[in-house]
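> My structure is in work.pdb, and what it holds is PDB, C-alpha atoms:
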ATOM      1  CA  MET Y  22     118.800 327.278  77.550
ATOM      2  CA  ARG Y  23     118.992 331.050  77.562
ATOM      3  CA  PRO Y  24     122.328 332.554  76.440
ATOM      4  CA  SER Y  25     124.502 334.072  79.128
ATOM      5  CA  GLN Y  26     125.074 337.799  79.384
ATOM      6  CA  GLU Y  27     128.598 337.347  78.029
ATOM      7  CA  GLN Y  28     127.294 335.406  75.040
ATOM      8  CA  VAL Y  29     124.762 338.147  74.328
ATOM      9  CA  LYS Y  30     127.517 340.770  74.483
ATOM     10  CA  THR Y  31     129.728 338.700  72.196
ATOM     11  CA  GLY Y  32     126.911 338.228  69.687
ATOM     12  CA  GLY Y  33     126.127 341.923  69.705
ATOM     13  CA  ARG Y  34     129.787 342.767  69.201
ATOM     14  CA  VAL Y  35     130.044 340.395  66.227
ATOM     15  CA  ALA Y  36     126.899 341.827  64.623
ATOM     16  CA  ALA Y  37     128.154 345.383  65.104
ATOM     17  CA  SER Y  38     131.553 344.533  63.646
ATOM     18  CA  VAL Y  39     130.039 342.925  60.538
ATOM     19  CA  GLY Y  40     127.735 345.895  60.004
ATOM     20  CA  TRP Y  41     130.648 348.288  60.393
ATOM     21  CA  ALA Y  42     132.853 346.308  57.978
ATOM     22  CA  LEU Y  43     130.150 346.427  55.282
ATOM     23  CA  VAL Y  44     129.753 350.216  55.397
ATOM     24  CA  PRO Y  45     132.213 350.807  52.513
ATOM     25  CA  LEU Y  46     130.488 348.149  50.412
ATOM     26  CA  VAL Y  47     126.884 349.276  50.875
ATOM     27  CA  THR Y  48     127.739 353.000  50.509
ATOM     28  CA  LEU Y  49     129.822 352.430  47.357
ATOM     29  CA  GLY Y  50     132.835 353.860  49.149
ATOM     30  CA  ALA Y  51     131.187 357.070  50.350
ATOM     31  CA  GLY Y  52     131.177 355.905  53.971
ATOM     32  CA  THR Y  53     134.727 354.552  53.962
ATOM     33  CA  PRO Y  54     136.445 357.667  55.425
ATOM     34  CA  PHE Y  55     134.013 357.643  58.324
ATOM     35  CA  SER Y  56     134.176 353.919  59.104
ATOM     36  CA  ILE Y  57     137.973 353.815  58.892
ATOM     37  CA  GLY Y  58     138.119 357.024  60.924
ATOM     38  CA  TYR Y  59     136.073 355.289  63.622
ATOM     39  CA  ALA Y  60     138.536 352.417  63.605
ATOM     40  CA  ALA Y  61     141.442 354.867  63.858
ATOM     41  CA  VAL Y  62     139.932 356.517  66.933
ATOM     42  CA  ARG Y  63     139.069 353.195  68.542
ATOM     43  CA  ARG Y  64     142.535 351.736  67.991
ATOM     44  CA  ARG Y  65     144.412 355.043  68.230
ATOM     45  CA  SER Y  66     146.342 354.044  65.140
ATOM     46  CA  PRO Y  67     148.289 356.676  63.127
ATOM     47  CA  TRP Y  68     148.244 354.304  60.134
ATOM     48  CA  LEU Y  69     144.456 354.102  60.215
ATOM     49  CA  PHE Y  70     144.188 357.867  60.595
ATOM     50  CA  ALA Y  71     146.326 358.201  57.471
ATOM     51  CA  SER Y  72     144.132 355.660  55.662
ATOM     52  CA  ALA Y  73     140.980 357.547  56.625
ATOM     53  CA  ALA Y  74     142.514 360.800  55.399
ATOM     54  CA  GLY Y  75     143.442 359.184  52.073
ATOM     55  CA  TYR Y  76     139.920 357.866  51.602
ATOM     56  CA  ALA Y  77     138.504 361.280  52.491
ATOM     57  CA  VAL Y  78     140.705 363.044  49.915
ATOM     58  CA  SER Y  79     139.736 360.516  47.254
ATOM     59  CA  LEU Y  80     136.037 360.972  47.989
ATOM     60  CA  ALA Y  81     136.374 364.767  48.055
ATOM     61  CA  LEU Y  82     138.076 364.834  44.643
ATOM     62  CA  PHE Y  83     135.332 362.691  43.174
ATOM     63  CA  LEU Y  84     132.590 364.908  44.606
ATOM     64  CA  VAL Y  85     134.315 368.070  43.375
ATOM     65  CA  GLN Y  86     134.639 366.636  39.913
ATOM     66  CA  ILE Y  87     130.937 365.721  39.899
ATOM     67  CA  ALA Y  88     129.972 369.203  41.103
ATOM     68  CA  LEU Y  89     132.086 370.944  38.468
ATOM     69  CA  TYR Y  90     131.353 368.574  35.617
ATOM     70  CA  ASP Y  91     130.599 370.323  32.335
ATOM     71  CA  PRO Y  92     129.834 368.152  29.301
ATOM     72  CA  ILE Y  93     131.160 370.855  26.991
ATOM     73  CA  THR Y  94     134.522 371.320  28.689
ATOM     74  CA  ALA Y  95     134.899 367.817  30.009
ATOM     75  CA  ALA Y  96     137.788 367.030  32.341
ATOM     76  CA  PRO Y  97     140.825 365.330  30.858
ATOM     77  CA  GLY Y  98     140.537 361.599  30.516
ATOM     78  CA  TRP Y  99     143.323 360.966  32.971
ATOM     79  CA  LEU Y 100     141.493 362.958  35.644
ATOM     80  CA  ASP Y 101     138.305 360.988  35.053
ATOM     81  CA  ALA Y 102     140.250 357.764  35.304
ATOM     82  CA  ALA Y 103     142.088 358.870  38.453
ATOM     83  CA  THR Y 104     138.954 359.873  40.324
ATOM     84  CA  SER Y 105     137.134 356.745  39.200
ATOM     85  CA  ILE Y 106     140.006 354.571  40.403
ATOM     86  CA  GLY Y 107     140.025 356.506  43.688
ATOM     87  CA  LEU Y 108     136.324 355.877  44.250
ATOM     88  CA  LEU Y 109     136.823 352.215  43.357
ATOM     89  CA  LEU Y 110     139.580 352.010  45.953
ATOM     90  CA  ASN Y 111     137.261 353.611  48.499
ATOM     91  CA  TRP Y 112     134.615 351.042  47.656
ATOM     92  CA  LEU Y 113     136.482 347.763  47.248
ATOM     93  CA  GLY Y 114     139.732 348.685  49.009
ATOM     94  CA  GLY Y 115     137.852 350.101  51.973
ATOM     95  CA  THR Y 116     135.716 346.975  52.181
ATOM     96  CA  ALA Y 117     138.769 344.726  52.070
ATOM     97  CA  GLN Y 118     140.591 346.756  54.708
ATOM     98  CA  SER Y 119     137.533 346.837  56.966
ATOM     99  CA  LEU Y 120     137.112 343.077  56.781
ATOM    100  CA  ALA Y 121     140.827 342.608  57.499
ATOM    101  CA  ILE Y 122     140.862 344.749  60.633
ATOM    102  CA  ARG Y 123     137.319 344.043  61.848
ATOM    103  CA  ALA Y 124     138.308 341.587  64.559
ATOM    104  CA  SER Y 125     140.969 343.848  66.056
ATOM    105  CA  VAL Y 126     138.764 346.948  65.972
ATOM    106  CA  PHE Y 127     135.933 345.219  67.835
ATOM    107  CA  ALA Y 128     138.007 342.930  70.027
ATOM    108  CA  ALA Y 129     136.741 342.727  73.592
ATOM    109  CA  ARG Y 130     138.693 345.101  75.766
ATOM    110  CA  PRO Y 131     140.605 343.369  78.562
ATOM    111  CA  LEU Y 132     139.073 343.593  81.996
ATOM    112  CA  PRO Y 133     140.925 345.929  84.341
ATOM    113  CA  SER Y 134     143.222 344.299  86.862
ATOM    114  CA  ALA Y 135     142.456 344.269  90.566
ATOM    115  CA  ASN Y 136     144.919 347.120  91.101
ATOM    116  CA  GLU Y 137     143.380 349.164  88.297
ATOM    117  CA  ARG Y 138     139.898 348.668  89.745
ATOM    118  CA  ALA Y 139     141.186 349.677  93.182
ATOM    119  CA  VAL Y 140     142.749 352.858  91.794
ATOM    120  CA  GLU Y 141     139.569 353.690  89.893
ATOM    121  CA  LEU Y 142     137.447 353.189  93.019
ATOM    122  CA  ALA Y 143     139.813 355.335  95.106
ATOM    123  CA  ASN Y 144     139.603 358.126  92.553
ATOM    124  CA  GLN Y 145     135.815 357.895  92.545
ATOM    125  CA  ARG Y 146     135.736 358.148  96.349
ATOM    126  CA  ARG Y 147     138.079 361.125  96.235
ATOM    127  CA  GLU Y 148     135.795 362.883  93.775
ATOM    128  CA  LEU Y 149     132.787 362.184  96.007
ATOM    129  CA  ARG Y 150     134.622 363.783  98.933
ATOM    130  CA  ARG Y 151     135.490 366.822  96.835
ATOM    131  CA  GLN Y 152     131.862 367.288  95.798
ATOM    132  CA  ALA Y 153     130.592 366.827  99.350
ATOM    133  CA  ARG Y 154     133.080 369.351 100.763
ATOM    134  CA  ALA Y 155     132.039 371.876  98.109
ATOM    135  CA  LEU Y 156     128.392 371.329  99.032
ATOM    136  CA  ALA Y 157     129.163 371.784 102.739
ATOM    137  CA  VAL Y 158     130.829 375.133 102.029
ATOM    138  CA  ARG Y 159     128.051 376.291  99.697
ATOM    139  CA  ASP Y 160     125.083 375.127 101.756
ATOM    140  CA  PRO Y 161     125.923 373.939 105.296
ATOM    141  CA  GLY Y 162     122.253 373.456 106.138
ATOM    142  CA  LEU Y 163     121.696 371.080 103.253
ATOM    143  CA  ALA Y 164     124.946 369.298 104.087
ATOM    144  CA  ALA Y 165     123.736 368.774 107.639
ATOM    145  CA  GLU Y 166     120.373 367.497 106.389
ATOM    146  CA  LEU Y 167     122.171 365.041 104.085
ATOM    147  CA  ARG Y 168     124.337 364.060 107.077
ATOM    148  CA  ILE Y 169     127.571 364.676 105.250
ATOM    149  CA  GLY Y 170     130.441 363.589 107.458
ATOM    150  CA  ARG Y 171     128.201 361.501 109.693
ATOM    151  CA  PRO Y 172     128.912 357.831 108.992
ATOM    152  CA  ASP Y 173     127.580 357.153 112.505
ATOM    153  CA  LEU Y 174     124.040 358.101 111.402
ATOM    154  CA  PRO Y 175     121.648 356.494 108.897
ATOM    155  CA  ARG Y 176     121.820 358.323 105.550
ATOM    156  CA  GLN Y 177     121.569 357.907 101.802
ATOM    157  CA  TYR Y 178     124.049 360.509 100.536
ATOM    158  CA  ASP Y 179     127.505 359.095  99.729
ATOM    159  CA  ASP Y 180     130.138 361.639 100.729
ATOM    160  CA  GLY Y 181     133.076 359.384  99.905
ATOM    161  CA  GLY Y 182     134.084 358.806 103.526
ATOM    162  CA  LEU Y 183     134.149 362.313 105.006
ATOM    163  CA  VAL Y 184     133.964 362.777 108.781
ATOM    164  CA  ASP Y 185     132.463 365.886 110.378
ATOM    165  CA  VAL Y 186     135.000 366.723 113.064
ATOM    166  CA  ASN Y 187     132.558 369.021 114.866
ATOM    167  CA  HIS Y 188     129.745 366.498 115.277
ATOM    168  CA  ALA Y 189     130.728 362.900 114.450
ATOM    169  CA  GLY Y 190     131.100 360.394 117.250
ATOM    170  CA  PRO Y 191     134.443 359.093 118.512
ATOM    171  CA  GLU Y 192     134.200 355.912 116.429
ATOM    172  CA  ALA Y 193     133.757 357.949 113.248
ATOM    173  CA  LEU Y 194     136.635 360.269 114.181
ATOM    174  CA  ALA Y 195     138.854 357.251 114.720
ATOM    175  CA  ALA Y 196     138.257 356.279 111.081
ATOM    176  CA  ILE Y 197     140.271 359.287 109.899
ATOM    177  CA  PRO Y 198     143.716 357.910 108.962
ATOM    178  CA  GLY Y 199     146.326 358.810 111.560
ATOM    179  CA  LEU Y 200     143.991 359.805 114.379
ATOM    180  CA  THR Y 201     145.001 357.792 117.423
ATOM    181  CA  PRO Y 202     142.663 357.185 120.384
ATOM    182  CA  ASP Y 203     144.499 359.914 122.297
ATOM    183  CA  LEU Y 204     143.986 362.454 119.508
ATOM    184  CA  VAL Y 205     140.331 361.497 119.197
ATOM    185  CA  ARG Y 206     139.939 362.013 122.947
ATOM    186  CA  ARG Y 207     141.486 365.488 122.700
ATOM    187  CA  ILE Y 208     139.100 366.451 119.903
ATOM    188  CA  VAL Y 209     136.068 365.198 121.842
ATOM    189  CA  GLU Y 210     137.183 367.042 124.982
ATOM    190  CA  ALA Y 211     137.716 370.265 123.044
ATOM    191  CA  ARG Y 212     134.236 369.961 121.552
ATOM    192  CA  ALA Y 213     132.741 369.352 124.998
ATOM    193  CA  ALA Y 214     134.380 372.576 126.129
ATOM    194  CA  GLY Y 215     132.576 374.438 123.334
ATOM    195  CA  ALA Y 216     135.172 374.406 120.571
ATOM    196  CA  ARG Y 217     134.002 374.380 116.965
ATOM    197  CA  PHE Y 218     136.540 374.134 114.179
ATOM    198  CA  ILE Y 219     136.342 375.563 110.670
ATOM    199  CA  SER Y 220     139.255 373.823 108.938
ATOM    200  CA  ALA Y 221     141.906 371.167 109.262
ATOM    201  CA  ASP Y 222     144.540 373.860 109.750
ATOM    202  CA  GLU Y 223     142.670 375.420 112.668
ATOM    203  CA  LEU Y 224     142.123 372.001 114.231
ATOM    204  CA  SER Y 225     145.820 371.162 113.928
ATOM    205  CA  VAL Y 226     146.971 374.476 115.393
ATOM    206  CA  THR Y 227     144.413 374.566 118.220
ATOM    207  CA  LEU Y 228     145.083 371.035 119.424
ATOM    208  CA  ASP Y 229     148.757 370.969 118.423
ATOM    209  CA  LEU Y 230     148.229 367.883 116.264
ATOM    210  CA  PRO Y 231     151.173 366.199 114.506
ATOM    211  CA  VAL Y 232     152.174 367.964 111.289
ATOM    212  CA  ASP Y 233     152.091 364.730 109.319
ATOM    213  CA  LEU Y 234     148.325 364.522 109.905
ATOM    214  CA  SER Y 235     147.606 367.614 107.797
ATOM    215  CA  ASP Y 236     147.107 365.795 104.501
ATOM    216  CA  GLU Y 237     144.838 363.118 105.971
ATOM    217  CA  LEU Y 238     142.725 365.671 107.811
ATOM    218  CA  ALA Y 239     142.376 367.839 104.709
ATOM    219  CA  GLU Y 240     141.321 364.812 102.661
ATOM    220  CA  TYR Y 241     138.903 363.099 105.033
ATOM    221  CA  SER Y 242     137.490 365.759 107.357
ATOM    222  CA  VAL Y 243     134.726 368.311 106.982
ATOM    223  CA  TYR Y 244     133.667 371.046 109.406
ATOM    224  CA  LEU Y 245     129.979 371.850 109.639
ATOM    225  CA  PRO Y 246     128.873 374.625 112.015
TER
END
Mind converting the file's structure to structure tokens?


Amino acid sequence: MRPSQEQVKTGGRVAASVGWALVPLVTLGAGTPFSIGYAAVRRRSPWLFASAAGYAVSLALFLVQIALYDPITAAPGWLDAATSIGLLLNWLGGTAQSLAIRASVFAARPLPSANERAVELANQRRELRRQARALAVRDPGLAAELRIGRPDLPRQYDDGGLVDVNHAGPEALAAIPGLTPDLVRRIVEARAAGARFISADELSVTLDLPVDLSDELAEYSVYLP
């Protein structure tokens, strides 16, 4: 039987976590600051950031000592011992710490709640509307070809739920929050008389729409020539 998608993800996560935990061991401590730094970013842990900084300082001191080593004027024995102990801590201590925190660093992130998913979707739709409005201002011809604001027509472009007040049918206009059948009728009649609107503010003033509709109109309407 083939493994499920969740089992494949779990297996991949385990393999990645084991590989990550062995970085200090296989690099003899040289990779410890980077692997622990990754864990610090992933867990947003000040303690792990401090650990990564300590490993980085230890590695830097060792590399500086190697670069400046002179067999004639050798460094004091205590300095040799200190840097050697530091590298050993990077190697074995980093390995031990990585193995200890491996599970928490690579733990599966909890799925978002229904409310969180709803908020995320609403924000995505809002961003789509913002992009579509910007396109309509920049290139009205292209916007018309993409049928932005025309949910009553077949189309492929996702405008996030905009409605073109100047051209959309009554059913589409009625989808704008707050527009009652009477208000929709007034808009349709004004259009039939030749009116074309350029903004939500002009629409509200011209047709004397309720003030509390301003936010909904600004959010969901678009005005193509």

> Can you tell me which residues surround Gln177 in chain Y at a distance of at most 10 Å, considering all atoms listed in the file, apart from same-chain residues fewer than 4 positions away, and format the answer as a JSON list (two decimals) with C-alpha atoms, in the frame of the given file?


[["chain", "number", "residue", "atom", "x", "y", "z"],
["Y", 167, "LEU", "CA", 122.17, 365.04, 104.08],
["Y", 168, "ARG", "CA", 124.34, 364.06, 107.08],
["Y", 169, "ILE", "CA", 127.57, 364.68, 105.25]]

> I would like the residues chosen by the PyMOL selection byres ((chain Y and resi 189) around 9) on the shown file; could you give them as a list in words?

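Evaluating the PyMOL selection byres ((chain Y and resi 189) around 9) on these coordinates yields Gly170, Arg171, Pro172, Asp173, Leu174, Val184, Asp185, Val186, Asn187, His188, Gly190, Pro191, Glu192, Ala193 and Leu194 of chain Y.
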
> Of the candidates Y:Ser225, Y:Ser220, Y:Ser235, Y:Asn111, which shows the shortest atom-to-atom distance to Pro198 in chain Y, using all atoms listed in the file?

Y:Ser235

> For the atom pair CA of Asn136 in chain Y and CA of Glu237 in chain Y, what is the interatomic distance in Å to one decimal place?

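These two atoms are separated by 21.8 Å.
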
> Residues picked by the PyMOL selection byres ((chain Y and resi 112-122) around 6) here, as a list in words?

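This file gives the following for the PyMOL selection byres ((chain Y and resi 112-122) around 6): Ala42, Pro45, Leu46, Leu49, Gly50, Thr53, Leu109, Leu110, Asn111, Arg123, Ala124 and Ser125 of chain Y.
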
> Any chance you could work out the residue set of the PyMOL selection byres ((chain Y and resi 154) around 9) here, as a ChimeraX atom specification?

/Y:149-153,155-159,164,169,180,183,242-244

> Hey, can I get the axis-aligned box for range 107-121 of chain Y? All listed atoms, 6 Å padding on each side, centre and edge lengths in Å to one decimal, as JSON.


{"center_x": 137.7, "center_y": 349.6, "center_z": 50.4, "size_x": 18.2, "size_y": 25.9, "size_z": 26.1}

> Would you list the contacts of Ile57 in chain Y as a list in words, taking every protein, DNA or RNA residue within 7 Å and counting all atoms listed in the file, but skipping same-chain residues closer than 3 positions in sequence?

Thr53, Pro54, Ala60, Ala61, Leu69 and Ala73 of chain Y

> Quick check, in Å to one decimal: how far apart do CA of Ser66 in chain Y and CA of Ala128 in chain Y lie?

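A separation of 14.7 Å between them.
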
> Just how far from CA of Ile197 in chain Y is CA of Gly182 in chain Y, in Å to one decimal?

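So the answer is 8.9 Å.
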